[in-house]
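Let me begin by presenting the structure, written as structure tokens, before commenting on it.
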Amino acid sequence: MSFDGFSLAPLVTELNRRIAGGRIEKIFQSDEYTLVFWIRQSQENLRLVISAHPVNPKLLLTDALPENPANPPAFCMLLRKHLEDGRIAGLEQYSLDRMVTLSVDIRGEGGVIVTKKLVLELMGKHSNIILVQDALVLDAIKRIGASVSSYRQVFPGREYQYPPGQERLNPLETSPLVFVAAMRQDSPDAVLEKAIIRTGIGIGPQTAREIVWRAGLPGKMPVGQMDDADAAALVEALESLTGPLKEGTVQPTVVVDPEERLLVMAPYPVGYLGTNRSILFPTMNELMAFGGRYHAPPAIPGKASLQSVIGGELNRLQRKEKILQKELAESQDADLYRQCGDLLMNNLPFIPAGNDEVHLTDWFADETGNQQMTIKLDTLLTPLQNAKNYYARYNKGKRAQELLAVQLQQCREDLQYVDSIGVALDHAGNAAEVADIRLELVDAGYVKAMTKKRAAVAASQPLTAVTGDGYEIMIGRNNRQNDMITFKKSHHDDIWLHTKDIPGSHVILRTGGAEPPAAALQAAAILAAYFSKARSSTRVPVDYARRRHVKKPSGAKPGFVIYEHQTTLFVTPDEETVKRLLTSDAKGAAAPR
């Protein structure tokens, strides 16, 4: 569960007291989003966990020992180079936003102390961890290019910019009276809860609701309808929250419902949730550790080791692709060698032997034929032998171009295939799905078959969902399931969906031959986007076509298809919508057939 900036402030203060002055001994990256810092303090060893997970970003000290992958990712290696053996100068929140800067002092050349900063942007799906020095980005755990954000790019060499929305008032630095007056002036047409969020930086929905509840006002009241008595009540309510934080007296609180589901984590007693059970903690760090357990899925045996294999294979294929691209670019000189050979052959009588170069009219350059070309010669060869040598280099270059083009295409296909397996593994939720993926990796030669006999695991089955108007949807969770639902369980008139040029699940919308309504298509597209590599993105392109227009080429890898006559939808994955669709199927809604 994401904190707002208001609740993050006391956590940062608490952690800063614990880690400031500590020496960073080791850095690990336990998964795609999470870093673990081993910090040596004078009296204790600490482990700081930082996660840019799009659903559950984290910042806390832990006693647990997260897994250390055998092959550390590139970002982890960069952090080790720049930050290990450094002293933590401090942990500081920027304004009251969900951004924290970890400053580390490193002894540079000549004994000069250099400060490097790790910027933690704990902002839900936009979370990131960025290494910055002298206001320039050295790298980030998630790079952001112009295709993702036209306003703010995050990649090496770029100047670091703060995210937009920093111009709002800081409620810890602004008096409640001034805050409420500004809200009444700037947001007269907004409802009360949204006006509070719009006016104050770091205030999220849960804090806004608590302020309104303490003021005894309806959250949906338009600001313009407030009278002076309402404003005074709001000032008092705001002071009741900001006062303790300014004084450093917080009451870390978790609220759970009767079914023990986590509702809220906050540094103050929560009243707006009524009679739901509150659990108090002595520190904000213990509150964070407790809340994290609600989000941590149970470990699935074998999943982490397969993720390590896939990560290593992706790195190898990416390096291979760069090498092949470089070699292919170098082989583009082949046509120039042929031109040199042709020019030499046409001017043999006029080329004296023993020269190391010759200047000839280049009739390839333009129609006038006036441009001169300098051709290097081997002084030990005759002009004819030099011409033949250029032809030989041309033939070698052309063969290399053809071979490299084939190798590069194969490398890209392998990269796409392994990436698709990685996405399926990330979404695997049980042992059966992990076992399916292991078998696929064994068949593809990436993993050795197990020699020890293990208890058989039943084959995993695709997910199913039902739309509000009763249309059944099937979702493949790995390439075996993708092939199954596309070519064995669907009908020719069903709708097939897949994220456009993005690894993800095949999705089938069963139509019974009818034209599905727009709402059913939208629901299926959201599922396709959610069960893809673009789960945390917005406006994800999803292609859909009739199943009869989807084909599997002979000899193609599992999950690979080609399709035509497609239409593209743009959707934003929404976890609540996905949960509702999957729950609808569990309730036994009937699909039209």
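Each chain in the structure tokens gets a letter, A, B and so on, in the order shown; residues start at 1 in every chain, and ligands are counted from 1 in the order they appear.
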Write out as a PDB file with C-alpha atoms, in the first residue's frame all residues of region 227-352 of chain A that DSSP puts in helix (DSSP H, G or I) for this structure's backbone.
```pdb
ATOM      1  CA  ASP A 228     -16.537  30.611   8.236  1.00  0.00           C
ATOM      2  CA  ALA A 229     -17.483  28.062  10.901  1.00  0.00           C
ATOM      3  CA  ASP A 230     -16.720  25.211   8.486  1.00  0.00           C
ATOM      4  CA  ALA A 231     -13.389  26.808   7.623  1.00  0.00           C
ATOM      5  CA  ALA A 232     -12.502  27.159  11.320  1.00  0.00           C
ATOM      6  CA  ALA A 233     -13.320  23.483  11.887  1.00  0.00           C
ATOM      7  CA  LEU A 234     -11.097  22.546   8.929  1.00  0.00           C
ATOM      8  CA  VAL A 235      -8.239  24.661  10.330  1.00  0.00           C
ATOM      9  CA  GLU A 236      -8.534  22.888  13.668  1.00  0.00           C
ATOM     10  CA  ALA A 237      -8.622  19.453  12.024  1.00  0.00           C
ATOM     11  CA  LEU A 238      -5.541  20.221   9.934  1.00  0.00           C
ATOM     12  CA  GLU A 239      -3.700  21.443  13.016  1.00  0.00           C
ATOM     13  CA  SER A 240      -4.554  18.206  14.850  1.00  0.00           C
ATOM     14  CA  LEU A 241      -2.615  16.277  12.179  1.00  0.00           C
ATOM     15  CA  THR A 242       0.273  18.612  11.377  1.00  0.00           C
ATOM     16  CA  GLY A 243       0.989  19.602  15.006  1.00  0.00           C
ATOM     17  CA  PRO A 244       2.163  16.172  16.220  1.00  0.00           C
ATOM     18  CA  LEU A 245       4.268  15.656  13.081  1.00  0.00           C
ATOM     19  CA  LYS A 246       6.036  18.970  13.621  1.00  0.00           C
ATOM     20  CA  GLU A 247       6.716  17.997  17.238  1.00  0.00           C
ATOM     21  CA  MET A 284       7.050   3.751  11.603  1.00  0.00           C
ATOM     22  CA  ASN A 285       9.554   1.136  10.430  1.00  0.00           C
ATOM     23  CA  GLU A 286       7.673  -1.649  12.241  1.00  0.00           C
ATOM     24  CA  LEU A 287       4.444  -0.384  10.702  1.00  0.00           C
ATOM     25  CA  MET A 288       6.026  -0.562   7.227  1.00  0.00           C
ATOM     26  CA  ALA A 289       7.312  -4.085   7.852  1.00  0.00           C
ATOM     27  CA  PHE A 290       3.856  -5.199   8.980  1.00  0.00           C
ATOM     28  CA  GLY A 291       2.155  -3.616   5.971  1.00  0.00           C
ATOM     29  CA  GLY A 292       4.690  -5.139   3.586  1.00  0.00           C
ATOM     30  CA  ARG A 293       3.707  -8.621   4.684  1.00  0.00           C
ATOM     31  CA  TYR A 294       0.212  -8.020   3.321  1.00  0.00           C
ATOM     32  CA  HIS A 295       1.676  -7.371  -0.117  1.00  0.00           C
ATOM     33  CA  LYS A 303      10.550 -19.231  -9.394  1.00  0.00           C
ATOM     34  CA  ALA A 304      13.506 -17.123  -8.248  1.00  0.00           C
ATOM     35  CA  SER A 305      16.072 -19.454  -9.829  1.00  0.00           C
ATOM     36  CA  LEU A 306      14.233 -19.379 -13.168  1.00  0.00           C
ATOM     37  CA  GLN A 307      14.059 -15.578 -13.013  1.00  0.00           C
ATOM     38  CA  SER A 308      17.834 -15.552 -12.537  1.00  0.00           C
ATOM     39  CA  VAL A 309      18.288 -17.811 -15.585  1.00  0.00           C
ATOM     40  CA  ILE A 310      16.041 -15.632 -17.731  1.00  0.00           C
ATOM     41  CA  GLY A 311      17.745 -12.442 -16.530  1.00  0.00           C
ATOM     42  CA  GLY A 312      21.152 -13.841 -17.448  1.00  0.00           C
ATOM     43  CA  GLU A 313      19.928 -15.013 -20.862  1.00  0.00           C
ATOM     44  CA  LEU A 314      18.357 -11.624 -21.603  1.00  0.00           C
ATOM     45  CA  ASN A 315      21.639  -9.883 -20.741  1.00  0.00           C
ATOM     46  CA  ARG A 316      23.583 -12.285 -22.989  1.00  0.00           C
ATOM     47  CA  LEU A 317      21.213 -11.805 -25.924  1.00  0.00           C
ATOM     48  CA  GLN A 318      21.225  -8.017 -25.517  1.00  0.00           C
ATOM     49  CA  ARG A 319      25.043  -7.979 -25.613  1.00  0.00           C
ATOM     50  CA  LYS A 320      25.010 -10.261 -28.656  1.00  0.00           C
ATOM     51  CA  GLU A 321      22.531  -7.985 -30.437  1.00  0.00           C
ATOM     52  CA  LYS A 322      24.795  -4.949 -29.929  1.00  0.00           C
ATOM     53  CA  ILE A 323      27.838  -6.833 -31.246  1.00  0.00           C
ATOM     54  CA  LEU A 324      25.968  -8.035 -34.336  1.00  0.00           C
ATOM     55  CA  GLN A 325      24.633  -4.536 -35.018  1.00  0.00           C
ATOM     56  CA  LYS A 326      28.165  -3.139 -34.844  1.00  0.00           C
ATOM     57  CA  GLU A 327      29.563  -5.847 -37.152  1.00  0.00           C
ATOM     58  CA  LEU A 328      26.708  -5.354 -39.609  1.00  0.00           C
ATOM     59  CA  ALA A 329      27.341  -1.604 -39.699  1.00  0.00           C
ATOM     60  CA  GLU A 330      31.036  -2.234 -40.402  1.00  0.00           C
ATOM     61  CA  SER A 331      30.176  -4.622 -43.251  1.00  0.00           C
ATOM     62  CA  GLN A 332      28.260  -1.868 -45.064  1.00  0.00           C
ATOM     63  CA  ASP A 333      31.558  -0.830 -46.728  1.00  0.00           C
ATOM     64  CA  ALA A 334      31.268  -3.814 -49.092  1.00  0.00           C
ATOM     65  CA  ASP A 335      29.775  -1.752 -51.927  1.00  0.00           C
ATOM     66  CA  LEU A 336      32.639   0.735 -51.636  1.00  0.00           C
ATOM     67  CA  TYR A 337      35.139  -2.116 -52.188  1.00  0.00           C
ATOM     68  CA  ARG A 338      33.315  -3.108 -55.391  1.00  0.00           C
ATOM     69  CA  GLN A 339      33.422   0.482 -56.650  1.00  0.00           C
ATOM     70  CA  CYS A 340      37.168   0.629 -55.982  1.00  0.00           C
ATOM     71  CA  GLY A 341      37.664  -2.621 -57.909  1.00  0.00           C
ATOM     72  CA  ASP A 342      35.596  -1.354 -60.857  1.00  0.00           C
ATOM     73  CA  LEU A 343      37.494   1.942 -61.017  1.00  0.00           C
ATOM     74  CA  LEU A 344      40.847   0.161 -60.902  1.00  0.00           C
ATOM     75  CA  MET A 345      39.810  -2.297 -63.648  1.00  0.00           C
ATOM     76  CA  ASN A 346      38.681   0.532 -65.917  1.00  0.00           C
ATOM     77  CA  LEU A 348      44.538  -0.377 -65.386  1.00  0.00           C
ATOM     78  CA  PRO A 349      46.626   1.016 -68.295  1.00  0.00           C
ATOM     79  CA  PHE A 350      46.984   4.375 -66.533  1.00  0.00           C
TER      80      PHE A 350
END
```
Quiz item: Suppose you want the space between CA of Trp496 (chain A) and CA of Lys551 (chain A); what is it in Å?
Solution: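 Those two atoms sit 11.2 Å apart.
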Quiz item: Mind checking DSSP for region 39-271 of chain A and telling me the strand (DSSP E) residues as a ChimeraX atom specification?
Solution: /A:39-40,45-51,58-61,87-93,99-107,113-121,128-133,136-140,253-256,262-266
Quiz item: Any idea what's packed within 9 Å of Asp189 (chain A), counting only C-alpha atoms, ignoring anything in its chain fewer than 6 positions away? Could you give it as a PyMOL selection string?
Solution: chain A and resi 195+222-224
Quiz item: For Pro176 (chain A), which residue among A:Thr199, A:Gln153, A:Gln206, A:Thr572 is the nearest when counting only C-alpha atoms?
Solution: A:Thr199
Quiz item: By how many Å are CA of Ser175 (chain A) and CA of Arg214 (chain A) apart?
Solution: 17.4 Å
Quiz item: Which residue, A:Pro558, A:Asp483, A:Ile502, A:Arg539, has the smallest gap to Leu441 (chain A) when you use only C-alpha atoms?
Solution: A:Pro558
Quiz item: Between CA of Asn478 (chain A) and CA of His427 (chain A), what is the spacing in Å?
Solution: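 The value is 8.7 Å.
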Under the rule of at most 10 Å, produce a per-residue listing of region 122-168 of chain A near region 86-104 of chain A: chain, number, name, the closest pair of atoms, and the distance in Å, as a tab-separated table, using only C-alpha atoms.
```
residue	atom	partner	partner_atom	distance
A:Leu122	CA	A:Arg98	CA	5.4
A:Met123	CA	A:Arg98	CA	6.1
A:Gly124	CA	A:Arg98	CA	9.5
A:Ser127	CA	A:Arg98	CA	9.2
A:Asn128	CA	A:Met99	CA	9.6
A:Ile129	CA	A:Val100	CA	9.7
A:Ile130	CA	A:Thr101	CA	9.5
A:Leu131	CA	A:Leu102	CA	9.5
A:Val132	CA	A:Ser103	CA	9.6
A:Gln133	CA	A:Ser103	CA	10.0
A:Tyr162	CA	A:Met99	CA	9.0
A:Pro163	CA	A:Met99	CA	9.4
A:Gly165	CA	A:Asp97	CA	9.2
A:Gln166	CA	A:Asp97	CA	7.8
A:Glu167	CA	A:Ser95	CA	9.9
A:Arg168	CA	A:Leu96	CA	9.7
```
Residues of the last selection are to be written out with C-alpha atoms, as a PDB file, in the first residue's frame.
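Written file, part.pdb:
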```
ATOM      1  CA  LEU A 122       8.028   6.275  -4.254  1.00  0.00           C
ATOM      2  CA  MET A 123       5.061   7.174  -6.442  1.00  0.00           C
ATOM      3  CA  GLY A 124       3.049   4.058  -7.167  1.00  0.00           C
ATOM      4  CA  SER A 127       8.139   4.775  -8.742  1.00  0.00           C
ATOM      5  CA  ASN A 128      11.825   4.897  -9.617  1.00  0.00           C
ATOM      6  CA  ILE A 129      15.317   4.814  -8.103  1.00  0.00           C
ATOM      7  CA  ILE A 130      17.762   7.222  -9.740  1.00  0.00           C
ATOM      8  CA  LEU A 131      21.502   7.684  -9.164  1.00  0.00           C
ATOM      9  CA  VAL A 132      22.466  11.357  -9.512  1.00  0.00           C
ATOM     10  CA  GLN A 133      25.784  13.224  -9.332  1.00  0.00           C
ATOM     11  CA  TYR A 162      11.813  16.776 -10.275  1.00  0.00           C
ATOM     12  CA  PRO A 163       8.414  15.381 -11.273  1.00  0.00           C
ATOM     13  CA  GLY A 165       3.280  19.174  -9.268  1.00  0.00           C
ATOM     14  CA  GLN A 166       5.770  20.691  -6.805  1.00  0.00           C
ATOM     15  CA  GLU A 167       4.131  24.122  -6.628  1.00  0.00           C
ATOM     16  CA  ARG A 168       1.518  23.166  -3.990  1.00  0.00           C
TER      17      ARG A 168
END
```
Fewer than 6 positions away in the same chain doesn't count, so skip those; otherwise give me all residues within 12 Å of region 20-25 of chain A, counting only C-alpha atoms, as a short mmCIF file (atom, residue, chain, number, x, y, z; two decimals) with N, CA and C atoms, in the first residue's frame.
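Below is the file that was written, result06.cif:
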```cif
data_model
loop_
_atom_site.label_atom_id
_atom_site.label_comp_id
_atom_site.auth_asym_id
_atom_site.auth_seq_id
_atom_site.Cartn_x
_atom_site.Cartn_y
_atom_site.Cartn_z
N VAL A 12 10.88 8.90 7.18
CA VAL A 12 12.20 9.39 6.75
C VAL A 12 12.99 9.92 7.94
N THR A 13 12.33 10.68 8.81
CA THR A 13 13.00 11.20 10.00
C THR A 13 13.53 10.07 10.87
N GLU A 14 12.71 9.05 11.04
CA GLU A 14 13.09 7.91 11.88
C GLU A 14 14.26 7.14 11.27
N VAL A 36 18.80 -3.79 -1.80
CA VAL A 36 19.08 -4.02 -0.38
C VAL A 36 20.48 -3.49 -0.08
N PHE A 37 20.56 -2.54 0.86
CA PHE A 37 21.83 -1.96 1.28
C PHE A 37 22.23 -2.55 2.64
N TRP A 38 23.43 -3.11 2.73
CA TRP A 38 23.98 -3.55 4.01
C TRP A 38 24.79 -2.39 4.56
N ILE A 39 24.38 -1.89 5.72
CA ILE A 39 24.97 -0.69 6.30
C ILE A 39 25.60 -1.03 7.64
N ARG A 40 26.85 -0.61 7.81
CA ARG A 40 27.56 -0.84 9.06
C ARG A 40 27.54 0.43 9.88
N GLN A 41 26.85 0.36 11.06
CA GLN A 41 26.86 1.46 12.00
C GLN A 41 27.80 1.10 13.16
N SER A 42 28.05 2.04 14.04
CA SER A 42 29.02 1.82 15.11
C SER A 42 28.62 0.66 16.01
N GLN A 43 27.33 0.50 16.25
CA GLN A 43 26.88 -0.50 17.20
C GLN A 43 26.07 -1.64 16.57
N GLU A 44 25.80 -1.56 15.26
CA GLU A 44 24.91 -2.57 14.67
C GLU A 44 25.09 -2.63 13.16
N ASN A 45 24.64 -3.74 12.59
CA ASN A 45 24.56 -3.90 11.14
C ASN A 45 23.11 -3.77 10.73
N LEU A 46 22.85 -2.97 9.70
CA LEU A 46 21.48 -2.71 9.26
C LEU A 46 21.31 -3.13 7.81
N ARG A 47 20.07 -3.48 7.46
CA ARG A 47 19.74 -3.79 6.07
C ARG A 47 18.59 -2.88 5.65
N LEU A 48 18.87 -2.00 4.72
CA LEU A 48 17.88 -1.05 4.22
C LEU A 48 17.31 -1.56 2.90
N LEU A 79 25.67 0.75 -8.94
CA LEU A 79 25.58 1.25 -7.57
C LEU A 79 26.77 0.76 -6.73
N ARG A 80 27.16 -0.47 -6.93
CA ARG A 80 28.32 -0.98 -6.20
C ARG A 80 29.57 -0.15 -6.53
N LYS A 81 29.73 0.18 -7.79
CA LYS A 81 30.89 0.96 -8.22
C LYS A 81 30.89 2.35 -7.58
N HIS A 82 29.71 2.98 -7.51
CA HIS A 82 29.65 4.37 -7.08
C HIS A 82 29.40 4.56 -5.58
N LEU A 83 28.73 3.61 -4.92
CA LEU A 83 28.27 3.86 -3.56
C LEU A 83 28.88 2.96 -2.50
N GLU A 84 29.34 1.75 -2.87
CA GLU A 84 29.89 0.87 -1.84
C GLU A 84 31.10 1.50 -1.18
N ASP A 85 31.21 1.32 0.13
CA ASP A 85 32.25 1.88 0.99
C ASP A 85 32.05 3.38 1.25
N GLY A 86 30.91 3.92 0.80
CA GLY A 86 30.61 5.32 1.07
C GLY A 86 29.90 5.49 2.41
N ARG A 87 29.94 6.71 2.92
CA ARG A 87 29.27 7.05 4.17
C ARG A 87 27.95 7.76 3.86
N ILE A 88 26.91 7.34 4.56
CA ILE A 88 25.59 7.96 4.34
C ILE A 88 25.57 9.32 5.03
N ALA A 89 25.45 10.37 4.21
CA ALA A 89 25.40 11.72 4.77
C ALA A 89 24.02 12.03 5.35
N GLY A 90 22.99 11.45 4.79
CA GLY A 90 21.66 11.69 5.32
C GLY A 90 20.58 11.19 4.39
N LEU A 91 19.39 11.07 4.95
CA LEU A 91 18.18 10.69 4.21
C LEU A 91 17.20 11.84 4.36
N GLU A 92 16.77 12.42 3.25
CA GLU A 92 15.98 13.65 3.32
C GLU A 92 14.81 13.59 2.34
N LEU A 102 18.81 9.89 -0.73
CA LEU A 102 19.84 9.26 0.09
C LEU A 102 21.19 9.80 -0.39
N SER A 103 21.82 10.66 0.42
CA SER A 103 23.10 11.27 0.05
C SER A 103 24.24 10.42 0.61
N VAL A 104 25.21 10.12 -0.26
CA VAL A 104 26.34 9.26 0.13
C VAL A 104 27.64 9.98 -0.18
N ASP A 105 28.52 10.10 0.82
CA ASP A 105 29.83 10.72 0.64
C ASP A 105 30.85 9.65 0.28
N ILE A 106 31.56 9.89 -0.84
CA ILE A 106 32.58 8.97 -1.34
C ILE A 106 33.91 9.69 -1.39
#
```
Quiz prompt | Who sits within 9 Å of region 522-532 of chain A, only C-alpha atoms, same chain under 2 positions skipped, as a PyMOL selection string | solution = chain A and resi 420+423-424+427+465+467+473-477+497-499+502-509+517-520+534-537+540-544+569-575+577-578+581
Quiz item: Which is closer to Val212 (chain A) than all the others in A:Val270, A:Gln161, A:Leu404, A:Glu260, using only C-alpha atoms?
Solution: A:Val270
